[in-house]
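Heads up, the thing below is written out as structure tokens.
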Amino acid sequence: LGVACAIFAALLHRVKSTTADMQGVVRGPATPLAMMAHSGTATDAEGRLVGSTDPRDAEAAADRYIQKIMAARKVKEVEDAAAKAMAAEEAKATEEQATLDQRAREEAAAKDGPNSGPKRFDYARRLTPKTELPPREREVPRSIPRPAYTEYADGVPRHKPPAYPWQIEVKSAADIERMRASGRLAREVLDEAVRAVRPGITTMDLDRIVHEATVTRGAYPSDLGYHRYPRSVCTSLNEVVTHGIPSADTVLMEGDILNIDVTIFFEGFHGDCSEMVFVGEVSPKAQRLVRTCYEAWQKAIHYCRPDQ
């Protein structure tokens with residue numbers, strides 16, 4: 001019992017012990033912070049406290065560390081300001097160069113005509129780019145339902161599709177029925193346009209045929225007004241890759257190949273189809289090109305099935 005009491009008294013004395021400064025003045029209970037301040041620590045190369053023999057050294061080390069951080073922040077602010085100024089100068093130079101380039105293009109167009117095309121490209125055939133969209137010439141009765149983008153001056157759809165290709169909307173049975181109907185009507189309209197193809201007809205004539213055939217079926221020609229597109233069909237002649245704009249100046253000639261791309265809007269769905277057409281007798285090279293593309297397209301269609 002005596003030994004136990006002695007041990008208890010020693011522990012109690014240690015807990016209640018106090019610390020003193022260099023002059024022996026009692027400072028209070030021995031806390032970890034007080035013990036660290038008198039443990040003979042110093043500061044590292046960054047000025048952070050790692051030990052001191054005097055509490056005043058800890059305060060000085062903290063001050064130095066804060067000053068170092070603030071100085072580094074000021075340097076960063078100066079660097080950021082310089083980078084921002086440089087970026088503004090580069091943006092200004094880019095804008096000025098774009099203005100000069102636009103002015104040069106306008107001067108070239110005024111000198112050579114609007115359909116001359118850029119001089120840096122040697123156009124192999126009779127078509128050249130347009131610098132402006134032609135005016136819209138056809139309208140659709142208001143009684144025919146139309147896509148939402150036609151209500152905006154710029155013709156840009158406000159509804160955005162899913163962000164990722166694997167986000168597929170599952171259509172209902174009623175949706176699929178309407179999709180089949182719009183696709184069927186688009187094919188009928190395309191067939192009328194294909195039957196009209198011959199040497200001497202203009203692509204503007206084909207636009208009229210497609211427009212009237214679409215409206216007659218109570219559908220809206222989806223191309224018309226989409227991103228301000230001024231026609232009801234796309235006619236891509238020979239080397240034109242896609243989305244050629246019909247024109248009264250574009251006359252079909254013997255040996256041409258022409259893609260007619262029809263899209264109609266019916267009952268809330270777009271039906272879209274196109275076909276490559278021979279104008280009269282065409283070269284074996286043109287026939288081989290069209291046939292190869294057709295065969296590749298058919299193989300892709302046959303591949304499309306569930307789980308592929």
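Just so we're on the same page: first chain in the structure tokens is A, next is B, and so on; residues restart at 1 for each chain, and ligands are numbered from 1 in the order they show up.
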
All residues 9 Å or closer to Ile201 (chain A), only C-alpha atoms, same chain fewer than 5 positions away omitted, as JSON, numbers by chain
{"A": [196, 206, 250, 251, 252, 253]}

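Atom pair CA of Asp175 (chain A) / CA of Arg142 (chain A) has a distance of 23.7 Å (rounded to one decimal).
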
Using DSSP on the backbone, list every residue of region 80-297 of chain A that comes out as helix (DSSP H, G or I), and give them as a ChimeraX atom specification.
/A:80-112,148-151,173-196,203-216,226-228,284-297

Considering only C-alpha atoms, return as a VMD selection string whatever protein or nucleic-acid residues lie within 6 Å of region 258-262 of chain A, sequence-local ones (same chain, fewer than 2 positions apart) excluded.
chain A and resid 233 to 237 272 to 277

Residue contacts of Leu289 (chain A) (12 Å, only C-alpha atoms) excluding same-chain residues fewer than 4 positions away, as number ranges by chain
A: 238-239, 257, 276-278, 282-285, 293-296

Polymer residues at most 8 Å from Gly155 (chain A), only C-alpha atoms, same-chain spacing of 5 or more positions, as number ranges by chain:
A: 149-150, 225-228

For the selection you just gave me, I'd like the residues written to a file as a PDB file, in the first residue's frame, keeping N, CA and C atoms.
```pdb
ATOM      1  N   TYR A 149     -37.138  25.285 -84.952  1.00  0.00           N
ATOM      2  CA  TYR A 149     -36.073  26.224 -85.330  1.00  0.00           C
ATOM      3  C   TYR A 149     -36.523  27.241 -86.375  1.00  0.00           C
ATOM      4  N   THR A 150     -37.635  26.960 -87.067  1.00  0.00           N
ATOM      5  CA  THR A 150     -38.110  27.912 -88.072  1.00  0.00           C
ATOM      6  C   THR A 150     -38.682  29.169 -87.438  1.00  0.00           C
ATOM      7  N   GLY A 225     -34.906  27.137 -94.037  1.00  0.00           N
ATOM      8  CA  GLY A 225     -34.810  27.929 -92.816  1.00  0.00           C
ATOM      9  C   GLY A 225     -33.868  27.378 -91.775  1.00  0.00           C
ATOM     10  N   TYR A 226     -33.382  26.155 -91.988  1.00  0.00           N
ATOM     11  CA  TYR A 226     -32.448  25.569 -91.012  1.00  0.00           C
ATOM     12  C   TYR A 226     -31.105  26.296 -91.113  1.00  0.00           C
ATOM     13  N   HIS A 227     -30.702  26.973 -90.028  1.00  0.00           N
ATOM     14  CA  HIS A 227     -29.490  27.808 -90.044  1.00  0.00           C
ATOM     15  C   HIS A 227     -29.536  28.794 -91.229  1.00  0.00           C
ATOM     16  N   ARG A 228     -30.728  29.289 -91.515  1.00  0.00           N
ATOM     17  CA  ARG A 228     -30.991  30.255 -92.593  1.00  0.00           C
ATOM     18  C   ARG A 228     -30.807  29.679 -93.997  1.00  0.00           C
TER      19      ARG A 228
END
```

Between CA of Ala174 (chain A) and CA of Pro141 (chain A) - distance in Å to one decimal
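If I compute the distance from CA of Pro141 (chain A) to CA of Ala174 (chain A), I get 26.1 Å.
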
DSSP-assigned strand (DSSP E or B) members of region 55-277 of chain A, reported as a list in words
Thr202, Tyr220, Pro221, Cys234, Thr235, Ser236, Leu237, Val251, Ile257, Leu258, Asn259, Ile260, Asp261, Val262, Thr263, Ile264, Phe265, Phe266, Phe269, His270, Gly271, Asp272, Cys273, Ser274, Glu275, Met276 and Val277 of chain A

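Nearest to Ser232 (chain A) of all the residues A:Asp207, A:Asp191, A:Glu79, A:Glu96 is A:Asp207, based on only C-alpha atoms.
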
Hey, can you check how far CA of Ile245 (chain A) sits from CA of Asp223 (chain A)?
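Computed distance, CA of Ile245 (chain A) to CA of Asp223 (chain A), equals 10.4 Å.
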